[in-house]
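A short write-up of the structure that comes next.
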Amino acid sequence: MNKPGFVDIYPASRIPRNIQHNFKPISRFKPRGVEEQSNAMNATRQKGIRIVTDSGSVSSALRWASDEEVRRQVYVVGNSEPRENIGVLDELIDARDEFAKTMGCRSYAEFAIRPNMAASVDVVMSFLNDLSDTVRHKADEEFNTIKDFKRRVCNDKSADLEPWDEDYFIGMMKSSAHTVDPSVVASYFPLSQCIKGLNVLVESLFGATFHQVPMGDGESWHPNVIKLSLHHPDEGDLGFMYLDLYSRKGKYPGCAHFAIRGGRRLSGTNYQLPIIALVCNFSSSRGLTARLNHCDVETLFHEFGHALHSLLSRTEYQHFSGTRVALDVAETPSNLFEFYAWDYRVLRTFALDETTGDPIPEKLVKALNASRNMFPATDLQRQVFYSIMDLTLFGEHTSKPVDTISAVADLKRKHTSWNYVEGTHWHTRFSHLINYGAGRGF
């Protein structure tokens with residue numbers, strides 16, 4: 001279920017002005033004094049901010065809000081809603097377990113891993129546990145470095161480092177160490193320019209180009225959706241892609257590629273063209289195009305790699321079209337495409353200053369790459385934890401139902417350097433548990 005909660009922040013000044021457009025302005029009337037509470041004429045209008053705890057808003061608040069109490073509230077509420085998802089996940093685990101056993105497997109984890117390159121659940125789990133042990137010392141060192149930085153910034157020698165501090169202080173450390181101003185970086189990445197950049201890349205690599213085409217009556221599910229055809233001068237149309245890039249209420253959270261129709265050979269030279277949707281949740285304000293931070297650019301390139309995999313593959317049967325392969329193989333094109341988002345030779349072709357048209361400076365790209373590599377153990381530890389959590393939830397269980405909250409809390413304490421926040425259950429909004437399942441995609 002995608003039913004986030006919200007946090008109301010008063011006054012609005014507790015939220016940095018440069019990110020207030022991501023949230024909803026609200027107001028309340030506050031009496032000027034106890035004796036005047038019944039007199040509406042003597043009430044003052046106080047402006048505030050309502051942060052709806054969808055994934056994009058939570059990410060922005062945790063990255064940019066300097067007020068720790070704001071970050072704490074957003075983290076706790078954002079990772080505690082919707083409560084109903086706890087039961088939904090329990091039902092999913094039971095259903096997948098029953099299905100796997102019907103198929104002759106001991107668990108859904110075994111069923112999910114069987115068609116992949118990995119040999120078995122035991123082999124994968126052994127590898128992950130060894131990797132967790134190997135990375136722990138370095139990850140603990142990085143954790144203490146971040147904690148020391150927080151204590152210096154806050155002038156508090158006893159301050160603890162909490163999960164809601166991670167994005168904020170890591171971002172601050174990266175910016176200060178490598179002179180990377182996120183607002184300056186974003187000025188080179190308007191969403192429209194990024195789409196043009198992807199088109200330039202496709203033409204350079206494959207000789208094909210995207211062209212916007214009209215949609216028929218009832219074909220689009222929202223006015224902001226556009227349809228593109230991928231065209232090759234010799235082979236004609238190769239497939240079609242819907243772009244649904246902006247956030248809106250009730251929409252699927254996060255960024256993803258969806259195969260709507262797989263390609264397949266119908267007869268001889270007649271081929272059914274693939275149709276896919278590239279869905280993101282970028283924010284825009286007052287009708288302006290979104291300006292992406294570099295993390296969003298990397299995500300866009302990743303999902304575009306999936307999209308091209310689906311559009312360019314040619315198979316006899318649609319069951320094997322595009323990303324419909326072993327999942328550890330399906331992630332290869334998308335991960336390769338991420339590298340283009342870090343390569344100056346590619347970025348200079350489309351990452352242009354909005355005002356002057358000058359390409360992004362090579363020095364800035366080098367700083368971004370240096371910043372990227374600052375906390376490698378923390379990043380790796382997180383991915384290992386995700387994988388172990390996934391395999392554990394969908395693995396063999398001696399008793400049912402599985403207490404997923406306690407299980408995830410124990411795993412986080414064991415396999416990460418960070419605290420578990422009591423009362424939260426962020427994993428029930430972790431969509432990869434649904435889309436991938438049993439560690440196949442991590």
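Ligands are numbered from 1 in the order shown, chains are lettered A, B, ... in the order of the structure tokens, and residues start at 1 in each chain.
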
Which of region 8-223 of chain A DSSP labels helix (DSSP H, G or I), written as a compact mmCIF listing (two decimals) with N, CA and C atoms, in the first residue's frame:
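Saved result, out24.txt, follows:
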```txt
# COMPACT_ATOMS: atom_id res chain seq x y z
N ALA A 12 7.53 27.68 9.34
CA ALA A 12 8.08 27.20 8.07
C ALA A 12 9.58 27.44 7.97
N SER A 13 10.10 28.39 8.74
CA SER A 13 11.53 28.72 8.68
C SER A 13 12.42 27.57 9.15
N ARG A 14 11.82 26.56 9.78
CA ARG A 14 12.62 25.40 10.21
C ARG A 14 13.02 24.53 9.01
N ARG A 17 14.73 27.25 2.80
CA ARG A 17 13.88 27.86 1.77
C ARG A 17 14.06 27.18 0.41
N ASN A 18 15.28 26.70 0.13
CA ASN A 18 15.53 26.14 -1.20
C ASN A 18 14.84 24.80 -1.43
N ILE A 19 14.27 24.20 -0.37
CA ILE A 19 13.55 22.94 -0.58
C ILE A 19 12.07 23.05 -0.18
N GLN A 20 11.63 24.24 0.25
CA GLN A 20 10.25 24.37 0.67
C GLN A 20 9.26 24.07 -0.45
N HIS A 21 9.68 24.29 -1.71
CA HIS A 21 8.77 24.05 -2.83
C HIS A 21 8.43 22.57 -2.98
N ASN A 22 9.21 21.70 -2.34
CA ASN A 22 8.92 20.27 -2.42
C ASN A 22 7.76 19.86 -1.52
N VAL A 34 -3.21 34.15 26.34
CA VAL A 34 -4.21 33.29 26.95
C VAL A 34 -5.54 34.03 27.09
N GLU A 35 -5.52 35.29 27.46
CA GLU A 35 -6.75 36.05 27.68
C GLU A 35 -7.49 36.33 26.38
N GLU A 36 -6.78 36.21 25.26
CA GLU A 36 -7.38 36.58 23.98
C GLU A 36 -7.76 35.36 23.13
N ALA A 40 -11.01 35.93 17.88
CA ALA A 40 -10.37 35.59 16.61
C ALA A 40 -9.61 36.76 16.01
N MET A 41 -10.03 38.00 16.35
CA MET A 41 -9.38 39.16 15.80
C MET A 41 -7.95 39.31 16.33
N ASN A 42 -7.68 38.70 17.48
CA ASN A 42 -6.37 38.81 18.08
C ASN A 42 -5.51 37.57 17.87
N SER A 55 8.28 8.80 -0.54
CA SER A 55 9.72 8.54 -0.59
C SER A 55 10.52 9.77 -1.01
N GLY A 56 10.02 10.52 -2.00
CA GLY A 56 10.76 11.69 -2.46
C GLY A 56 10.85 12.79 -1.42
N SER A 57 9.73 13.05 -0.73
CA SER A 57 9.72 14.10 0.29
C SER A 57 10.57 13.72 1.49
N VAL A 58 10.50 12.46 1.90
CA VAL A 58 11.33 12.00 3.01
C VAL A 58 12.80 12.16 2.66
N SER A 59 13.17 11.77 1.44
CA SER A 59 14.56 11.89 1.01
C SER A 59 15.03 13.34 1.06
N SER A 60 14.20 14.27 0.57
CA SER A 60 14.58 15.68 0.56
C SER A 60 14.75 16.22 1.98
N ALA A 61 13.80 15.87 2.85
CA ALA A 61 13.85 16.38 4.22
C ALA A 61 15.06 15.83 4.97
N LEU A 62 15.34 14.55 4.83
CA LEU A 62 16.46 13.95 5.54
C LEU A 62 17.80 14.46 5.00
N ARG A 63 17.83 14.84 3.75
CA ARG A 63 19.08 15.34 3.16
C ARG A 63 19.33 16.80 3.50
N TRP A 64 18.27 17.62 3.61
CA TRP A 64 18.48 19.06 3.66
C TRP A 64 18.04 19.75 4.95
N GLU A 68 17.42 18.92 13.59
CA GLU A 68 17.42 17.47 13.84
C GLU A 68 16.06 16.94 14.24
N GLU A 69 15.28 17.73 14.98
CA GLU A 69 13.96 17.26 15.39
C GLU A 69 13.03 17.09 14.19
N VAL A 70 13.19 17.96 13.19
CA VAL A 70 12.42 17.80 11.96
C VAL A 70 12.80 16.50 11.28
N ARG A 71 14.11 16.26 11.17
CA ARG A 71 14.57 15.01 10.53
C ARG A 71 14.07 13.79 11.30
N ARG A 72 14.12 13.86 12.63
CA ARG A 72 13.67 12.72 13.43
C ARG A 72 12.19 12.43 13.20
N GLN A 73 11.37 13.48 13.22
CA GLN A 73 9.93 13.29 13.01
C GLN A 73 9.65 12.69 11.62
N VAL A 74 10.33 13.23 10.62
CA VAL A 74 10.11 12.74 9.25
C VAL A 74 10.54 11.29 9.14
N TYR A 75 11.67 10.95 9.74
CA TYR A 75 12.17 9.57 9.67
C TYR A 75 11.20 8.61 10.35
N VAL A 76 10.75 8.96 11.56
CA VAL A 76 9.88 8.06 12.32
C VAL A 76 8.54 7.88 11.63
N VAL A 77 7.90 9.00 11.22
CA VAL A 77 6.60 8.89 10.56
C VAL A 77 6.75 8.23 9.20
N GLY A 78 7.78 8.63 8.46
CA GLY A 78 7.98 8.08 7.13
C GLY A 78 8.24 6.59 7.13
N ASN A 85 0.59 -2.18 5.98
CA ASN A 85 1.53 -2.94 5.16
C ASN A 85 2.20 -4.08 5.91
N ILE A 86 2.18 -4.03 7.23
CA ILE A 86 2.75 -5.14 8.00
C ILE A 86 1.98 -6.41 7.68
N GLY A 87 0.65 -6.32 7.72
CA GLY A 87 -0.19 -7.47 7.39
C GLY A 87 -0.08 -7.88 5.94
N VAL A 88 0.04 -6.88 5.06
CA VAL A 88 0.17 -7.18 3.63
C VAL A 88 1.45 -7.98 3.37
N LEU A 89 2.55 -7.57 4.01
CA LEU A 89 3.81 -8.30 3.84
C LEU A 89 3.70 -9.71 4.41
N ASP A 90 3.04 -9.86 5.56
CA ASP A 90 2.84 -11.20 6.12
C ASP A 90 2.11 -12.11 5.13
N GLU A 91 1.07 -11.57 4.51
CA GLU A 91 0.30 -12.35 3.53
C GLU A 91 1.15 -12.71 2.32
N LEU A 92 1.99 -11.78 1.90
CA LEU A 92 2.87 -12.04 0.75
C LEU A 92 3.86 -13.15 1.07
N ILE A 93 4.45 -13.08 2.26
CA ILE A 93 5.41 -14.11 2.66
C ILE A 93 4.74 -15.48 2.68
N ASP A 94 3.55 -15.57 3.27
CA ASP A 94 2.83 -16.84 3.33
C ASP A 94 2.47 -17.35 1.93
N ALA A 95 1.98 -16.46 1.08
CA ALA A 95 1.57 -16.86 -0.26
C ALA A 95 2.76 -17.35 -1.08
N ARG A 96 3.88 -16.63 -0.98
CA ARG A 96 5.07 -17.04 -1.73
C ARG A 96 5.62 -18.35 -1.19
N ASP A 97 5.55 -18.54 0.13
CA ASP A 97 6.03 -19.78 0.72
C ASP A 97 5.19 -20.97 0.25
N GLU A 98 3.89 -20.78 0.24
CA GLU A 98 2.99 -21.85 -0.22
C GLU A 98 3.24 -22.17 -1.69
N PHE A 99 3.39 -21.12 -2.49
CA PHE A 99 3.65 -21.32 -3.92
C PHE A 99 4.96 -22.07 -4.14
N ALA A 100 6.02 -21.66 -3.42
CA ALA A 100 7.33 -22.29 -3.60
C ALA A 100 7.28 -23.78 -3.24
N LYS A 101 6.57 -24.10 -2.17
CA LYS A 101 6.49 -25.50 -1.77
C LYS A 101 5.66 -26.32 -2.76
N THR A 102 4.66 -25.69 -3.34
CA THR A 102 3.91 -26.35 -4.41
C THR A 102 4.82 -26.68 -5.58
N TYR A 108 10.56 -19.74 -0.68
CA TYR A 108 10.50 -18.87 -1.86
C TYR A 108 11.90 -18.40 -2.25
N ALA A 109 12.77 -18.24 -1.25
CA ALA A 109 14.14 -17.84 -1.55
C ALA A 109 14.80 -18.86 -2.47
N GLU A 110 14.61 -20.15 -2.17
CA GLU A 110 15.18 -21.19 -3.03
C GLU A 110 14.56 -21.14 -4.42
N PHE A 111 13.25 -20.95 -4.48
CA PHE A 111 12.57 -20.88 -5.78
C PHE A 111 13.08 -19.70 -6.60
N ALA A 112 13.28 -18.54 -5.94
CA ALA A 112 13.69 -17.34 -6.65
C ALA A 112 15.12 -17.42 -7.15
N ILE A 113 15.99 -18.06 -6.39
CA ILE A 113 17.40 -18.10 -6.75
C ILE A 113 17.70 -19.20 -7.77
N VAL A 121 20.60 -20.97 -2.11
CA VAL A 121 20.42 -20.00 -1.02
C VAL A 121 21.61 -20.06 -0.06
N ASP A 122 22.06 -21.27 0.26
CA ASP A 122 23.18 -21.42 1.21
C ASP A 122 24.44 -20.75 0.68
N VAL A 123 24.71 -20.91 -0.61
CA VAL A 123 25.90 -20.29 -1.20
C VAL A 123 25.79 -18.77 -1.14
N VAL A 124 24.62 -18.24 -1.49
CA VAL A 124 24.42 -16.79 -1.48
C VAL A 124 24.51 -16.24 -0.05
N MET A 125 23.85 -16.90 0.89
CA MET A 125 23.86 -16.41 2.27
C MET A 125 25.26 -16.49 2.87
N SER A 126 26.00 -17.55 2.57
CA SER A 126 27.38 -17.66 3.05
C SER A 126 28.24 -16.52 2.50
N PHE A 127 28.07 -16.24 1.21
CA PHE A 127 28.80 -15.13 0.59
C PHE A 127 28.46 -13.80 1.27
N LEU A 128 27.17 -13.57 1.52
CA LEU A 128 26.74 -12.31 2.12
C LEU A 128 27.24 -12.16 3.55
N ASN A 129 27.20 -13.24 4.32
CA ASN A 129 27.69 -13.18 5.70
C ASN A 129 29.19 -12.91 5.75
N ASP A 130 29.93 -13.55 4.84
CA ASP A 130 31.37 -13.29 4.77
C ASP A 130 31.64 -11.84 4.39
N LEU A 131 30.86 -11.33 3.44
CA LEU A 131 31.03 -9.95 3.00
C LEU A 131 30.67 -8.98 4.13
N SER A 132 29.62 -9.31 4.88
CA SER A 132 29.23 -8.48 6.02
C SER A 132 30.35 -8.40 7.05
N ASP A 133 30.96 -9.55 7.35
CA ASP A 133 32.06 -9.57 8.32
C ASP A 133 33.26 -8.78 7.81
N THR A 134 33.53 -8.92 6.51
CA THR A 134 34.69 -8.25 5.93
C THR A 134 34.56 -6.74 5.95
N VAL A 135 33.37 -6.25 5.67
CA VAL A 135 33.17 -4.81 5.53
C VAL A 135 32.90 -4.12 6.87
N ARG A 136 32.60 -4.88 7.91
CA ARG A 136 32.14 -4.29 9.17
C ARG A 136 33.15 -3.32 9.78
N HIS A 137 34.43 -3.71 9.83
CA HIS A 137 35.43 -2.85 10.47
C HIS A 137 35.51 -1.50 9.77
N LYS A 138 35.61 -1.52 8.46
CA LYS A 138 35.70 -0.26 7.71
C LYS A 138 34.42 0.55 7.85
N ALA A 139 33.26 -0.12 7.84
CA ALA A 139 31.99 0.59 7.99
C ALA A 139 31.89 1.24 9.37
N ASP A 140 32.38 0.55 10.40
CA ASP A 140 32.39 1.14 11.75
C ASP A 140 33.30 2.37 11.80
N GLU A 141 34.42 2.30 11.11
CA GLU A 141 35.32 3.45 11.05
C GLU A 141 34.62 4.64 10.39
N GLU A 142 33.93 4.38 9.30
CA GLU A 142 33.21 5.46 8.61
C GLU A 142 32.10 6.02 9.50
N PHE A 143 31.41 5.14 10.21
CA PHE A 143 30.36 5.58 11.14
C PHE A 143 30.94 6.52 12.19
N ASN A 144 32.06 6.17 12.77
CA ASN A 144 32.67 7.02 13.79
C ASN A 144 33.16 8.35 13.20
N THR A 145 33.61 8.32 11.96
CA THR A 145 34.01 9.56 11.29
C THR A 145 32.83 10.51 11.14
N ILE A 146 31.68 9.96 10.73
CA ILE A 146 30.47 10.77 10.58
C ILE A 146 30.01 11.29 11.94
N LYS A 147 30.08 10.44 12.97
CA LYS A 147 29.67 10.85 14.32
C LYS A 147 30.56 11.98 14.85
N ASP A 148 31.87 11.87 14.64
CA ASP A 148 32.79 12.93 15.07
C ASP A 148 32.49 14.23 14.34
N PHE A 149 32.15 14.12 13.06
CA PHE A 149 31.81 15.32 12.29
C PHE A 149 30.55 15.98 12.85
N LYS A 150 29.54 15.19 13.17
CA LYS A 150 28.31 15.74 13.75
C LYS A 150 28.62 16.45 15.06
N ARG A 151 29.45 15.85 15.90
CA ARG A 151 29.77 16.46 17.19
C ARG A 151 30.48 17.79 17.02
N ARG A 152 31.34 17.89 16.03
CA ARG A 152 32.02 19.17 15.78
C ARG A 152 31.04 20.21 15.26
N VAL A 153 30.20 19.82 14.31
CA VAL A 153 29.24 20.76 13.73
C VAL A 153 28.24 21.24 14.78
N CYS A 154 27.77 20.32 15.62
CA CYS A 154 26.76 20.66 16.63
C CYS A 154 27.37 21.17 17.94
N PRO A 163 19.95 7.26 12.75
CA PRO A 163 19.65 6.99 11.33
C PRO A 163 19.15 8.21 10.56
N TRP A 164 18.44 9.13 11.22
CA TRP A 164 17.95 10.32 10.50
C TRP A 164 19.06 11.34 10.25
N ASP A 165 20.27 11.06 10.77
CA ASP A 165 21.41 11.94 10.53
C ASP A 165 22.22 11.54 9.30
N GLU A 166 22.05 10.31 8.84
CA GLU A 166 22.96 9.75 7.85
C GLU A 166 23.03 10.60 6.58
N ASP A 167 21.91 10.81 5.92
CA ASP A 167 21.92 11.53 4.64
C ASP A 167 22.38 12.98 4.83
N TYR A 168 21.96 13.61 5.93
CA TYR A 168 22.28 15.02 6.15
C TYR A 168 23.78 15.23 6.33
N PHE A 169 24.39 14.48 7.24
CA PHE A 169 25.80 14.73 7.54
C PHE A 169 26.74 14.13 6.49
N ILE A 170 26.36 13.01 5.89
CA ILE A 170 27.18 12.50 4.78
C ILE A 170 27.17 13.49 3.63
N GLY A 171 25.98 14.04 3.33
CA GLY A 171 25.90 15.04 2.28
C GLY A 171 26.74 16.27 2.59
N MET A 172 26.69 16.71 3.85
CA MET A 172 27.47 17.87 4.26
C MET A 172 28.97 17.59 4.16
N MET A 173 29.37 16.39 4.56
CA MET A 173 30.79 16.05 4.51
C MET A 173 31.30 15.97 3.07
N LYS A 174 30.48 15.39 2.21
CA LYS A 174 30.89 15.30 0.81
C LYS A 174 31.01 16.68 0.18
N SER A 175 30.05 17.55 0.49
CA SER A 175 30.06 18.90 -0.09
C SER A 175 31.27 19.70 0.40
N SER A 176 31.57 19.58 1.69
CA SER A 176 32.68 20.36 2.24
C SER A 176 34.04 19.82 1.81
N ALA A 177 34.14 18.50 1.64
CA ALA A 177 35.42 17.90 1.28
C ALA A 177 35.79 18.15 -0.17
N HIS A 178 34.78 18.24 -1.03
CA HIS A 178 35.07 18.32 -2.46
C HIS A 178 34.42 19.52 -3.13
N PRO A 182 25.32 21.20 -4.12
CA PRO A 182 24.25 20.49 -4.82
C PRO A 182 23.37 21.37 -5.69
N SER A 183 23.16 22.61 -5.26
CA SER A 183 22.32 23.51 -6.06
C SER A 183 23.02 23.88 -7.37
N VAL A 184 24.35 24.01 -7.31
CA VAL A 184 25.12 24.29 -8.53
C VAL A 184 25.08 23.07 -9.45
N VAL A 185 25.26 21.89 -8.88
CA VAL A 185 25.20 20.66 -9.67
C VAL A 185 23.84 20.53 -10.35
N ALA A 186 22.77 20.77 -9.60
CA ALA A 186 21.41 20.63 -10.15
C ALA A 186 21.15 21.60 -11.28
N SER A 187 21.82 22.75 -11.27
CA SER A 187 21.59 23.74 -12.33
C SER A 187 22.04 23.22 -13.69
N LEU A 191 15.64 18.33 -16.06
CA LEU A 191 15.17 17.04 -16.55
C LEU A 191 15.09 17.00 -18.07
N SER A 192 14.65 18.10 -18.68
CA SER A 192 14.53 18.12 -20.15
C SER A 192 15.88 17.92 -20.82
N GLN A 193 16.95 18.51 -20.23
CA GLN A 193 18.29 18.32 -20.79
C GLN A 193 18.78 16.89 -20.60
N CYS A 194 18.42 16.29 -19.48
CA CYS A 194 18.83 14.90 -19.22
C CYS A 194 18.21 13.96 -20.25
N ILE A 195 16.94 14.21 -20.59
CA ILE A 195 16.28 13.38 -21.61
C ILE A 195 16.97 13.56 -22.96
N LYS A 196 17.35 14.80 -23.28
CA LYS A 196 18.09 15.03 -24.52
C LYS A 196 19.43 14.30 -24.49
N GLY A 197 20.07 14.30 -23.32
CA GLY A 197 21.35 13.62 -23.18
C GLY A 197 21.23 12.12 -23.41
N LEU A 198 20.16 11.53 -22.91
CA LEU A 198 19.93 10.10 -23.14
C LEU A 198 19.73 9.81 -24.62
N ASN A 199 19.05 10.72 -25.28
CA ASN A 199 18.83 10.55 -26.73
C ASN A 199 20.15 10.62 -27.49
N VAL A 200 21.01 11.57 -27.10
CA VAL A 200 22.33 11.70 -27.73
C VAL A 200 23.13 10.42 -27.52
N LEU A 201 23.05 9.87 -26.32
CA LEU A 201 23.80 8.66 -25.99
C LEU A 201 23.32 7.47 -26.82
N VAL A 202 22.00 7.33 -26.95
CA VAL A 202 21.43 6.23 -27.73
C VAL A 202 21.83 6.34 -29.20
N GLU A 203 21.81 7.55 -29.72
CA GLU A 203 22.20 7.74 -31.12
C GLU A 203 23.67 7.41 -31.32
N SER A 204 24.50 7.80 -30.36
CA SER A 204 25.93 7.54 -30.47
C SER A 204 26.24 6.05 -30.38
N LEU A 205 25.54 5.35 -29.49
CA LEU A 205 25.82 3.93 -29.26
C LEU A 205 25.16 3.01 -30.30
N PHE A 206 23.92 3.34 -30.66
CA PHE A 206 23.13 2.40 -31.46
C PHE A 206 22.61 2.98 -32.79
```

Residue contacts of Arg248 (chain A) (10 Å, only C-alpha atoms) excluding same-chain residues fewer than 3 positions away, as a ChimeraX atom specification: /A:245,251-253,281-283

Nearest candidate to Arg114 (chain A) (options A:Ile275, A:Leu327, A:Ile26, A:Ala259; using only C-alpha atoms): A:Leu327

Distance query Ala407 (chain A) at most 10 Å, only C-alpha atoms, self and fewer than 5 positions along chain excluded, as a list in words: Met389, Thr392, Leu393, Val402 and Lys412 of chain A

Counting only C-alpha atoms, the residue of A:Leu364, A:Leu266, A:Met215, A:Leu292 that sits nearest Tyr246 (chain A):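 Among the listed residues, the smallest separation from Tyr246 (chain A) belongs to A:Leu292.
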
Pairwise distance for CA of Leu336 (chain A) and CA of Phe301 (chain A), rounded to one decimal in Å: 9.2 Å

Non-local contacts of Gln318 (chain A) (9 Å; only C-alpha atoms; under 6 positions in same chain excluded) as a ChimeraX atom specification: /A:261-265,272,274,324

Nearest-residue call for Thr378 (chain A), choices A:Ser406, A:Ser417, A:Thr424, A:Thr398, using only C-alpha atoms: A:Ser417

Counting only C-alpha atoms, the option among A:Asp234, A:Gly48, A:Tyr188, A:Phe304 closest to Gly357 (chain A):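 Ranking A:Asp234, A:Gly48, A:Tyr188, A:Phe304 by distance to Gly357 (chain A), first place goes to A:Tyr188.
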
Selected residue, from A:Ile434, A:Tyr271, A:Val180, A:Phe23, that lies nearest to Pro361 (chain A) when counting only C-alpha atoms: A:Val180

Distance query Glu331 (chain A) at most 12 Å, only C-alpha atoms, self and fewer than 4 positions along chain excluded, as JSON, numbers by chain: {"A": [116, 257, 302, 303, 304, 305, 306, 307, 309, 310, 322, 323, 324, 325, 326, 327, 335, 336, 337, 338, 436, 440, 441, 442]}

Residue among A:Ile388, A:Leu273, A:Ala341, A:Leu230 lying closest to Val213 (chain A), counting only C-alpha atoms: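 Comparing A:Ile388, A:Leu273, A:Ala341, A:Leu230 against Val213 (chain A), the winner is A:Leu230.
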
Backbone-only DSSP, strand (DSSP E or B) members of region 48-188 of chain A, as a list in words: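 Answer for region 48-188 of chain A restricted to strand (DSSP E or B) is Gly48, Ile49, Arg50, Ile51 and Val52 of chain A.
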
Take the residues from that selection and put them in a file with C-alpha atoms, as a PDB file, in the first residue's frame.
```
ATOM      1  CA  GLY A  48       4.105  26.148   8.340  1.00  0.00           C
ATOM      2  CA  ILE A  49       5.090  23.266   6.093  1.00  0.00           C
ATOM      3  CA  ARG A  50       3.364  19.899   5.713  1.00  0.00           C
ATOM      4  CA  ILE A  51       5.768  17.158   4.719  1.00  0.00           C
ATOM      5  CA  VAL A  52       3.881  14.215   3.246  1.00  0.00           C
TER       6      VAL A  52
END
```

One-decimal distance in Å that lies between CA of Gly207 (chain A) and CA of Arg345 (chain A):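 About the pair CA of Arg345 (chain A) and CA of Gly207 (chain A): they are 18.1 Å apart.
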